[in-house]
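First the structure, in the form of structure tokens, and then the observations on it.
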Amino acid sequence: MAVATGSSSCCKLAKPCAFTTSNSSQSPFKLKKFTASPAKSTSIRCTIARDPVVPMEAKKESDPAPWQRPDVFGRFGRFGGKFVPETLMYALSELESALHKLADDRDFQEELSGILRDYVGRETPLYFAERLTEHYRRPNGGGPHIYLKREDLNHTGAHKINNAVGQALLAKRLGKTRIIAETGAGQHGVATATVCARFGLQCIVYMGAQDMERQALNVFRMRLLGAEVRAVHSGTATLKDATSEAIRDWVTNVETTHYILGSVAGPHPYPMMVRDFHAVIGKETRRQALEKWGGKPDVLIACVGGGSNAMGLFHEFVNDKDVRLIGVEAAGFGLDSGKHAATLSKGEVGVLHGALSYLLQNEDGQIIEPHSISAGLDYPGVGPEHSFLKDEGRAEYYNVTDDEALEAFKRSSRLEGIIPALETAHALAYLEKLCPTLADGTKVVVNFSGRGDKDVQTAIKYLQV
């Protein structure tokens with residue numbers, strides 16, 4: 001399993017040694033020491049030895065204490081951490097300290113709650129999808145009951161605004177006046193541009209040139225809101241490359257700039273912070289389920305790219321072992337084609353964008369470019385907490401192809417009158433495989449993470465309607 005460093009590889013690795021990073025702690029696995037001639041210019045590739053790792057201790061049924069997610073070093077078991085330049089360590093420490101303080105800051109929490117209610121439009125409905133439920137009804141009249149958590153009804157049309165509002169308020173408390181962000185599908189970029197307009201902050205959004213072409217509507221929306229959208233032409237000109245450029249900007253301008261990372265990826269405390277700002281999704285779902293049928297959901301489903309909408313829904317229920325957690329990745333043209341973004345299905349452990357997680361990479365530790373019809377799922381990594389939940393067996397991860405997602409895009413539109421984002425369509429598509437296996441009356445909640453206006457131009461190329 002290779003650690004993807006983002007550099008070209010060359011030098012040979014010899015004896016085992018302890019590997020230390022800016023985590024300020026010993027890594028829980030062994031790496032092989034590299035040696036190189038001082039006369040030659042070299043770059044480094046490290047390969048993780050296949051020795052047993054020391055995972056975070058799983059919660060036993062008899063143990064009332066939940067998992068600590070993350071631990072004091074910002075790790076979820078062996079995943080996560082801070083694999084970053086020293087330049088960013090102070091900013092990350094400052095961010096972590098601010099988060100701990102604001103967790104108990106009544107004024108901050110009331111301001112955040114008020115904006116989520118009055119500006120974003122929370123809480124979002126838990127909607128009984130009557131015709132989708134009928135679609136999966138069996139000849140005997142039984143079948144699961146399908147509910148949609150309507151994050152598409154938020155201001156800006158997706159779940160992304162929850163995190164953007166929280167981080168913008170945090171940036172103001174830290175005295176930062178310049179905001180940067182990355183975006184793939186454009187929804188996080190629009191959400192960031194929106195909150196920057198609301199709070200009077202300078203906004204720069206990095207976006208892959210290919211994504212700008214297929215998400216032209218969102219590019220216009222960001223510019224209309226006053227953001228500068230910077231095209232990224234390196235690599236495949238998609239989300240991974242936009243994230244890399246945003247990190248480079250942050251390293252250069254760290255004193256004045258806050259990076260509103262849009263997913264549960266990146267170095268600690270970002271995976272924890274983004275999850276916690278989105279945790280309102282799961283909290284509302286628990287309360288609404290209790291009101292509607294007097295219990296918990298049986299199954300939760302969400303699409304997974306980086307994984308923010310899924311963690312927002314899952315987090316509240318991780319310790320409820322009777323609730324199934326299902327993440328759905330993008331299989332693109334199919335897992336055997338090599339053109340997919342199914343990181344948890346086909347990836348190996350490595351480091352990308354500051355954290356240890358599963359990645360799509362080759363044997364030299366170089367990133368394998370992902371593919372998905374959905375710009376928001378077109379990413380070769382995944383949030384470290386998802387990697388942890390996969391390895392612990394707490395969450396299940398499956399995948400659906402571009403064609404299956406497009407069929408679900410059309411099915412939701414025609415059966416429920418709700419056009420989903422192509423990201424969301426991946427979660428909806430998995431119902432075709434899941435529903436025949438479920439007991440009658442099973443309560444299934446799908447996180448309807450975004451609306452599909454932005455994807456209509458893409459869908460036109462493939463669907464005959």
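Each chain in the structure tokens gets a letter, A, B and so on, in the order shown; residues start at 1 in every chain, and ligands are counted from 1 in the order they appear.
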Counting only C-alpha atoms, which residues of stretch 64-109 of chain A fall within 12 Å of stretch 392-414 of chain A, and what is the closest atom pair for each with its distance in Å at one decimal, ordered by chain and rising number, as CSV?
```
residue,atom,partner,partner_atom,distance
A:Trp67,CA,A:Glu392,CA,11.0
A:Phe76,CA,A:Glu392,CA,10.5
A:Gly77,CA,A:Glu392,CA,9.2
A:Arg78,CA,A:Glu392,CA,11.1
A:Phe79,CA,A:Glu392,CA,11.8
```
Which residues, written as an MDAnalysis selection string, have at least one atom at most 7 Å from stretch 181-198 of chain A, with only C-alpha atoms counted and residues fewer than 3 positions away on the same chain left out?
-> chainID A and resid 156 158 160:161 164:165 168 201:207 211 215 218:219 221:222 225:227 238:239 242:243 246 259:262 375:376
Exercise: A:Gly166 partners within 10 Å, only C-alpha atoms, chain neighbours under 2 positions left out, as a compact mmCIF listing (two decimals) with all heavy atoms, in the first residue's frame:
```txt
# COMPACT_ATOMS: atom_id res chain seq x y z
N PHE A 108 -22.07 32.36 19.99
CA PHE A 108 -21.75 31.79 18.67
C PHE A 108 -22.81 30.77 18.27
O PHE A 108 -23.30 30.79 17.13
CB PHE A 108 -20.37 31.13 18.71
CG PHE A 108 -19.99 30.46 17.41
CD1 PHE A 108 -19.41 31.20 16.38
CD2 PHE A 108 -20.21 29.10 17.21
CE1 PHE A 108 -19.07 30.59 15.18
CE2 PHE A 108 -19.87 28.48 16.01
CZ PHE A 108 -19.29 29.23 15.00
N GLN A 109 -23.18 29.89 19.19
CA GLN A 109 -24.15 28.85 18.87
C GLN A 109 -25.52 29.44 18.55
O GLN A 109 -26.21 28.96 17.64
CB GLN A 109 -24.26 27.86 20.04
CG GLN A 109 -23.00 27.07 20.33
CD GLN A 109 -22.55 26.21 19.16
OE1 GLN A 109 -23.37 25.78 18.35
NE2 GLN A 109 -21.25 25.97 19.06
N GLU A 111 -26.03 32.49 17.30
CA GLU A 111 -25.91 33.15 16.00
C GLU A 111 -25.97 32.12 14.87
O GLU A 111 -26.67 32.32 13.87
CB GLU A 111 -24.62 33.96 15.93
CG GLU A 111 -24.47 34.74 14.62
CD GLU A 111 -23.21 35.58 14.57
OE1 GLU A 111 -22.33 35.43 15.45
OE2 GLU A 111 -23.09 36.39 13.62
N LEU A 112 -25.25 31.02 15.03
CA LEU A 112 -25.24 29.97 14.02
C LEU A 112 -26.64 29.38 13.84
O LEU A 112 -27.12 29.22 12.71
CB LEU A 112 -24.25 28.87 14.40
CG LEU A 112 -24.19 27.64 13.50
CD1 LEU A 112 -23.81 28.03 12.07
CD2 LEU A 112 -23.19 26.62 14.04
N SER A 113 -27.31 29.07 14.95
CA SER A 113 -28.66 28.50 14.87
C SER A 113 -29.63 29.44 14.20
O SER A 113 -30.48 29.03 13.39
CB SER A 113 -29.16 28.15 16.27
OG SER A 113 -28.37 27.13 16.86
N ILE A 115 -28.97 31.82 11.96
CA ILE A 115 -28.70 31.92 10.52
C ILE A 115 -29.16 30.66 9.80
O ILE A 115 -29.75 30.73 8.71
CB ILE A 115 -27.20 32.18 10.27
CG1 ILE A 115 -26.83 33.58 10.78
CG2 ILE A 115 -26.86 32.06 8.79
CD1 ILE A 115 -25.36 33.86 10.78
N LEU A 116 -28.93 29.50 10.40
CA LEU A 116 -29.40 28.25 9.79
C LEU A 116 -30.92 28.24 9.67
O LEU A 116 -31.48 27.74 8.69
CB LEU A 116 -28.92 27.04 10.61
CG LEU A 116 -27.43 26.71 10.55
CD1 LEU A 116 -27.09 25.58 11.50
CD2 LEU A 116 -26.99 26.35 9.12
N ILE A 161 -24.27 24.41 2.38
CA ILE A 161 -24.41 25.69 3.07
C ILE A 161 -24.26 25.55 4.58
O ILE A 161 -23.82 26.49 5.26
CB ILE A 161 -25.77 26.34 2.71
CG1 ILE A 161 -25.85 27.81 3.17
CG2 ILE A 161 -26.93 25.53 3.26
CD1 ILE A 161 -25.06 28.76 2.32
N ASN A 162 -24.60 24.38 5.15
CA ASN A 162 -24.48 24.19 6.61
C ASN A 162 -23.04 24.44 7.06
O ASN A 162 -22.79 25.18 8.02
CB ASN A 162 -24.86 22.75 6.99
CG ASN A 162 -26.23 22.35 6.53
OD1 ASN A 162 -27.18 23.12 6.60
ND2 ASN A 162 -26.35 21.12 6.04
N ASN A 163 -22.10 23.81 6.40
CA ASN A 163 -20.69 23.93 6.72
C ASN A 163 -20.15 25.32 6.37
O ASN A 163 -19.35 25.90 7.12
CB ASN A 163 -19.91 22.84 5.98
CG ASN A 163 -18.41 23.03 6.05
OD1 ASN A 163 -17.83 23.07 7.13
ND2 ASN A 163 -17.77 23.12 4.89
N ALA A 164 -20.57 25.85 5.23
CA ALA A 164 -20.06 27.15 4.79
C ALA A 164 -20.43 28.25 5.78
O ALA A 164 -19.60 29.12 6.10
CB ALA A 164 -20.59 27.47 3.39
N ALA A 168 -17.65 30.29 7.94
CA ALA A 168 -17.56 31.74 7.73
C ALA A 168 -17.66 32.49 9.06
O ALA A 168 -16.90 33.45 9.30
CB ALA A 168 -18.67 32.21 6.78
N LEU A 169 -18.56 32.06 9.93
CA LEU A 169 -18.66 32.67 11.27
C LEU A 169 -17.37 32.45 12.05
O LEU A 169 -16.89 33.35 12.76
CB LEU A 169 -19.84 32.08 12.03
CG LEU A 169 -21.24 32.49 11.58
CD1 LEU A 169 -22.29 31.72 12.38
CD2 LEU A 169 -21.44 33.99 11.74
N LEU A 170 -16.80 31.26 11.92
CA LEU A 170 -15.54 30.95 12.59
C LEU A 170 -14.41 31.84 12.07
O LEU A 170 -13.60 32.35 12.85
CB LEU A 170 -15.21 29.48 12.36
CG LEU A 170 -13.93 28.92 12.98
CD1 LEU A 170 -13.96 29.06 14.49
CD2 LEU A 170 -13.76 27.47 12.59
N ALA A 171 -14.35 32.02 10.76
CA ALA A 171 -13.31 32.86 10.16
C ALA A 171 -13.40 34.30 10.68
O ALA A 171 -12.38 34.95 10.95
CB ALA A 171 -13.44 32.84 8.64
N VAL A 195 -22.09 32.80 1.48
CA VAL A 195 -21.84 33.27 2.85
C VAL A 195 -20.83 34.41 2.86
O VAL A 195 -20.90 35.29 3.73
CB VAL A 195 -21.38 32.11 3.76
CG1 VAL A 195 -22.47 31.06 3.87
CG2 VAL A 195 -20.07 31.50 3.32
N ILE A 260 -12.10 27.40 3.58
CA ILE A 260 -13.35 26.69 3.85
C ILE A 260 -13.34 25.41 3.02
O ILE A 260 -13.80 25.39 1.88
CB ILE A 260 -14.59 27.55 3.55
CG1 ILE A 260 -14.62 28.80 4.42
CG2 ILE A 260 -15.87 26.74 3.77
CD1 ILE A 260 -15.87 29.65 4.27
N MET A 273 -14.51 19.05 11.98
CA MET A 273 -15.25 20.31 11.93
C MET A 273 -16.36 20.27 10.89
O MET A 273 -17.52 20.65 11.18
CB MET A 273 -14.29 21.46 11.62
CG MET A 273 -14.96 22.80 11.40
SD MET A 273 -13.78 24.16 11.22
CE MET A 273 -12.94 23.68 9.72
N VAL A 274 -16.05 19.81 9.68
CA VAL A 274 -17.05 19.77 8.62
C VAL A 274 -18.18 18.80 9.00
O VAL A 274 -19.36 19.10 8.81
CB VAL A 274 -16.41 19.38 7.28
CG1 VAL A 274 -17.47 19.26 6.19
CG2 VAL A 274 -15.37 20.43 6.87
N ASP A 276 -19.15 18.05 12.03
CA ASP A 276 -19.95 18.61 13.11
C ASP A 276 -20.88 19.73 12.63
O ASP A 276 -22.00 19.88 13.14
CB ASP A 276 -19.04 19.11 14.23
CG ASP A 276 -18.38 17.98 15.00
OD1 ASP A 276 -18.78 16.81 14.78
OD2 ASP A 276 -17.47 18.24 15.80
N PHE A 277 -20.44 20.52 11.65
CA PHE A 277 -21.33 21.54 11.10
C PHE A 277 -22.48 20.92 10.30
O PHE A 277 -23.55 21.51 10.17
CB PHE A 277 -20.56 22.54 10.24
CG PHE A 277 -19.80 23.57 11.04
CD1 PHE A 277 -18.50 23.93 10.69
CD2 PHE A 277 -20.37 24.20 12.14
CE1 PHE A 277 -17.79 24.88 11.42
CE2 PHE A 277 -19.67 25.15 12.88
CZ PHE A 277 -18.38 25.49 12.51
N HIS A 278 -22.25 19.72 9.76
CA HIS A 278 -23.31 19.03 9.02
C HIS A 278 -24.13 18.09 9.89
O HIS A 278 -25.15 17.54 9.43
CB HIS A 278 -22.71 18.22 7.86
CG HIS A 278 -22.35 19.04 6.66
ND1 HIS A 278 -23.23 19.89 6.05
CD2 HIS A 278 -21.19 19.13 5.95
CE1 HIS A 278 -22.64 20.47 5.01
NE2 HIS A 278 -21.40 20.03 4.94
```
Filtered DSSP result for stretch 384-445 of chain A, state helix (DSSP H, G or I), as a PyMOL selection string = chain A and resi 384-392+402-416+422-429+431-437
Go ahead and write the selection's residues with N, CA, C and O atoms as a compact mmCIF listing (two decimals), in the first residue's frame.
```
# COMPACT_ATOMS: atom_id res chain seq x y z
N PRO A 384 -11.35 10.53 6.07
CA PRO A 384 -10.75 9.48 6.91
C PRO A 384 -11.74 8.78 7.83
O PRO A 384 -11.55 7.59 8.14
N GLU A 385 -12.79 9.46 8.25
CA GLU A 385 -13.76 8.79 9.12
C GLU A 385 -14.53 7.71 8.36
O GLU A 385 -14.88 6.67 8.93
N HIS A 386 -14.78 7.94 7.08
CA HIS A 386 -15.40 6.90 6.27
C HIS A 386 -14.49 5.68 6.17
O HIS A 386 -14.95 4.53 6.24
N SER A 387 -13.19 5.93 6.00
CA SER A 387 -12.24 4.82 5.95
C SER A 387 -12.27 4.02 7.24
O SER A 387 -12.22 2.78 7.23
N PHE A 388 -12.35 4.73 8.36
CA PHE A 388 -12.42 4.08 9.67
C PHE A 388 -13.70 3.25 9.81
O PHE A 388 -13.67 2.09 10.23
N LEU A 389 -14.83 3.84 9.44
CA LEU A 389 -16.10 3.13 9.57
C LEU A 389 -16.15 1.89 8.66
O LEU A 389 -16.74 0.87 9.02
N LYS A 390 -15.52 2.00 7.50
CA LYS A 390 -15.42 0.83 6.61
C LYS A 390 -14.62 -0.28 7.26
O LYS A 390 -15.06 -1.44 7.32
N ASP A 391 -13.42 0.05 7.76
CA ASP A 391 -12.55 -0.98 8.33
C ASP A 391 -13.14 -1.60 9.59
O ASP A 391 -12.92 -2.78 9.87
N GLU A 392 -13.89 -0.81 10.36
CA GLU A 392 -14.51 -1.33 11.58
C GLU A 392 -15.79 -2.10 11.28
O GLU A 392 -16.36 -2.73 12.18
N ASP A 402 -22.44 5.22 -13.83
CA ASP A 402 -23.02 6.42 -14.42
C ASP A 402 -24.42 6.15 -14.96
O ASP A 402 -25.36 6.93 -14.74
N ASP A 403 -24.56 5.04 -15.69
CA ASP A 403 -25.86 4.72 -16.30
C ASP A 403 -26.93 4.50 -15.24
O ASP A 403 -28.08 4.94 -15.40
N GLU A 404 -26.57 3.82 -14.16
CA GLU A 404 -27.54 3.58 -13.08
C GLU A 404 -27.94 4.89 -12.41
O GLU A 404 -29.11 5.09 -12.07
N ALA A 405 -26.98 5.80 -12.25
CA ALA A 405 -27.28 7.10 -11.65
C ALA A 405 -28.20 7.93 -12.55
O ALA A 405 -29.12 8.61 -12.07
N LEU A 406 -27.95 7.87 -13.84
CA LEU A 406 -28.81 8.61 -14.78
C LEU A 406 -30.24 8.08 -14.77
O LEU A 406 -31.20 8.85 -14.85
N GLU A 407 -30.40 6.77 -14.65
CA GLU A 407 -31.75 6.20 -14.57
C GLU A 407 -32.45 6.66 -13.29
O GLU A 407 -33.65 6.96 -13.30
N ALA A 408 -31.71 6.73 -12.19
CA ALA A 408 -32.30 7.20 -10.93
C ALA A 408 -32.62 8.69 -11.00
O ALA A 408 -33.61 9.15 -10.42
N PHE A 409 -31.80 9.45 -11.72
CA PHE A 409 -32.04 10.88 -11.96
C PHE A 409 -33.40 11.06 -12.62
O PHE A 409 -34.22 11.90 -12.20
N LYS A 410 -33.67 10.23 -13.63
CA LYS A 410 -34.95 10.31 -14.34
C LYS A 410 -36.09 9.76 -13.49
O LYS A 410 -37.19 10.34 -13.47
N ARG A 411 -35.84 8.66 -12.77
CA ARG A 411 -36.89 8.03 -11.97
C ARG A 411 -37.39 8.96 -10.87
O ARG A 411 -38.61 9.09 -10.65
N SER A 412 -36.49 9.62 -10.15
CA SER A 412 -36.89 10.55 -9.09
C SER A 412 -37.69 11.72 -9.67
O SER A 412 -38.68 12.16 -9.09
N SER A 413 -37.26 12.20 -10.82
CA SER A 413 -37.95 13.32 -11.46
C SER A 413 -39.38 12.94 -11.83
O SER A 413 -40.31 13.73 -11.62
N ARG A 414 -39.56 11.74 -12.35
CA ARG A 414 -40.88 11.36 -12.87
C ARG A 414 -41.81 10.79 -11.81
O ARG A 414 -43.03 10.90 -11.94
N LEU A 415 -41.24 10.16 -10.78
CA LEU A 415 -42.10 9.58 -9.75
C LEU A 415 -42.40 10.55 -8.62
O LEU A 415 -43.48 10.49 -8.02
N GLU A 416 -41.46 11.44 -8.30
CA GLU A 416 -41.65 12.34 -7.16
C GLU A 416 -41.68 13.82 -7.54
O GLU A 416 -41.95 14.68 -6.71
N LEU A 422 -26.82 14.89 -9.57
CA LEU A 422 -26.28 13.60 -10.00
C LEU A 422 -25.57 12.88 -8.87
O LEU A 422 -25.52 11.66 -8.84
N GLU A 423 -25.03 13.64 -7.92
CA GLU A 423 -24.44 13.02 -6.73
C GLU A 423 -25.53 12.25 -5.98
O GLU A 423 -25.39 11.07 -5.66
N THR A 424 -26.62 12.94 -5.69
CA THR A 424 -27.75 12.35 -4.97
C THR A 424 -28.32 11.16 -5.72
O THR A 424 -28.75 10.17 -5.12
N ALA A 425 -28.32 11.24 -7.05
CA ALA A 425 -28.87 10.17 -7.88
C ALA A 425 -28.13 8.85 -7.66
O ALA A 425 -28.72 7.78 -7.83
N HIS A 426 -26.86 8.91 -7.26
CA HIS A 426 -26.14 7.68 -6.97
C HIS A 426 -26.74 6.97 -5.74
O HIS A 426 -26.87 5.75 -5.74
N ALA A 427 -27.08 7.74 -4.72
CA ALA A 427 -27.71 7.14 -3.53
C ALA A 427 -29.08 6.57 -3.90
O ALA A 427 -29.45 5.46 -3.47
N LEU A 428 -29.86 7.31 -4.69
CA LEU A 428 -31.18 6.84 -5.11
C LEU A 428 -31.08 5.57 -5.96
O LEU A 428 -31.92 4.68 -5.87
N ALA A 429 -30.03 5.50 -6.78
CA ALA A 429 -29.86 4.34 -7.66
C ALA A 429 -29.65 3.06 -6.88
O ALA A 429 -30.08 1.98 -7.31
N LEU A 431 -31.09 2.09 -4.33
CA LEU A 431 -32.36 1.53 -3.87
C LEU A 431 -32.79 0.34 -4.73
O LEU A 431 -33.44 -0.58 -4.24
N GLU A 432 -32.43 0.36 -6.01
CA GLU A 432 -32.80 -0.73 -6.91
C GLU A 432 -32.23 -2.07 -6.43
O GLU A 432 -32.86 -3.12 -6.58
N LYS A 433 -31.03 -2.03 -5.88
CA LYS A 433 -30.38 -3.25 -5.40
C LYS A 433 -30.77 -3.56 -3.95
O LYS A 433 -30.88 -4.72 -3.56
N LEU A 434 -30.97 -2.52 -3.16
CA LEU A 434 -31.22 -2.69 -1.73
C LEU A 434 -32.64 -3.11 -1.42
O LEU A 434 -32.87 -4.04 -0.62
N CYS A 435 -33.62 -2.44 -2.01
CA CYS A 435 -35.01 -2.62 -1.60
C CYS A 435 -35.51 -4.06 -1.69
O CYS A 435 -36.26 -4.51 -0.80
N PRO A 436 -35.14 -4.83 -2.72
CA PRO A 436 -35.62 -6.22 -2.76
C PRO A 436 -35.12 -7.08 -1.61
O PRO A 436 -35.68 -8.14 -1.35
N THR A 437 -34.09 -6.63 -0.91
CA THR A 437 -33.51 -7.42 0.19
C THR A 437 -34.08 -7.04 1.55
O THR A 437 -33.76 -7.70 2.55
```
Spatial neighbours of A:Arg138, max dist 10 Å, only C-alpha atoms, sep filter under 3 positions, as an MDAnalysis selection string | chainID A and resid 134:135 141:144 435:436 440
Per residue of stretch 323-365 of chain A within 12 Å of stretch 444-447 of chain A, record the nearest atom pair and its distance in Å to one decimal, counting only C-alpha atoms, with rows in chain order and ascending residue number, as a tab-separated table.
```
residue	atom	partner	partner_atom	distance
A:Val323	CA	A:Val444	CA	9.9
A:Arg324	CA	A:Val444	CA	9.4
A:Leu325	CA	A:Val445	CA	10.0
A:Ile326	CA	A:Val446	CA	9.5
A:Gly327	CA	A:Val446	CA	10.2
A:Val328	CA	A:Val446	CA	10.8
```
Requested write-out: N, CA, C and O atoms of the selected residues, as a PDB file, in the first residue's frame:
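The resulting part.pdb:
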```
ATOM      1  N   VAL A 323     -29.030   0.575  13.421  1.00  0.00           N
ATOM      2  CA  VAL A 323     -29.274   1.402  12.234  1.00  0.00           C
ATOM      3  C   VAL A 323     -28.168   1.130  11.218  1.00  0.00           C
ATOM      4  O   VAL A 323     -26.986   1.341  11.508  1.00  0.00           O
ATOM      5  N   ARG A 324     -28.535   0.660  10.038  1.00  0.00           N
ATOM      6  CA  ARG A 324     -27.542   0.415   8.988  1.00  0.00           C
ATOM      7  C   ARG A 324     -27.122   1.735   8.343  1.00  0.00           C
ATOM      8  O   ARG A 324     -27.967   2.586   8.045  1.00  0.00           O
ATOM      9  N   LEU A 325     -25.830   1.899   8.115  1.00  0.00           N
ATOM     10  CA  LEU A 325     -25.277   3.075   7.447  1.00  0.00           C
ATOM     11  C   LEU A 325     -24.718   2.626   6.101  1.00  0.00           C
ATOM     12  O   LEU A 325     -23.806   1.797   6.051  1.00  0.00           O
ATOM     13  N   ILE A 326     -25.236   3.184   5.010  1.00  0.00           N
ATOM     14  CA  ILE A 326     -24.829   2.758   3.671  1.00  0.00           C
ATOM     15  C   ILE A 326     -24.364   3.965   2.861  1.00  0.00           C
ATOM     16  O   ILE A 326     -25.124   4.912   2.644  1.00  0.00           O
ATOM     17  N   GLY A 327     -23.113   3.927   2.432  1.00  0.00           N
ATOM     18  CA  GLY A 327     -22.559   4.953   1.547  1.00  0.00           C
ATOM     19  C   GLY A 327     -22.465   4.416   0.133  1.00  0.00           C
ATOM     20  O   GLY A 327     -22.137   3.244  -0.074  1.00  0.00           O
ATOM     21  N   VAL A 328     -22.760   5.266  -0.852  1.00  0.00           N
ATOM     22  CA  VAL A 328     -22.765   4.839  -2.254  1.00  0.00           C
ATOM     23  C   VAL A 328     -21.765   5.677  -3.044  1.00  0.00           C
ATOM     24  O   VAL A 328     -21.888   6.902  -3.116  1.00  0.00           O
TER      25      VAL A 328
END
```
Figure out the distance between atom CA of A:Ser308 and atom CA of A:Ala237, please, to one decimal in Å.
->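 Taking atom CA of A:Ala237 as the start and atom CA of A:Ser308 as the end point, the length is 21.6 Å.
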Write down as a PyMOL selection string the residues belonging to stretch 129-360 of chain A that are assigned strand (DSSP E or B) by DSSP computed on the backbone.
-> chain A and resi 145-150+158+178-183+202-208+228-232+257-259+299-303+324-332+341+348-352+355-359
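Of the listed residues (A:Phe333, A:Trp293, A:Tyr379, A:Phe448), A:Phe448 comes nearest to A:Ile281; the distances count only C-alpha atoms.
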Take atom CA of A:Val254 and atom CA of A:Gly266 and report the distance between them in Å, one decimal.
->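 Those two atoms sit 15.7 Å apart.
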With distances taken over only C-alpha atoms, which of A:Ser372, A:Ser93, A:Thr285, A:Ser345 is nearest to A:Tyr127?
->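 Selected residue with least distance to A:Tyr127: A:Thr285.
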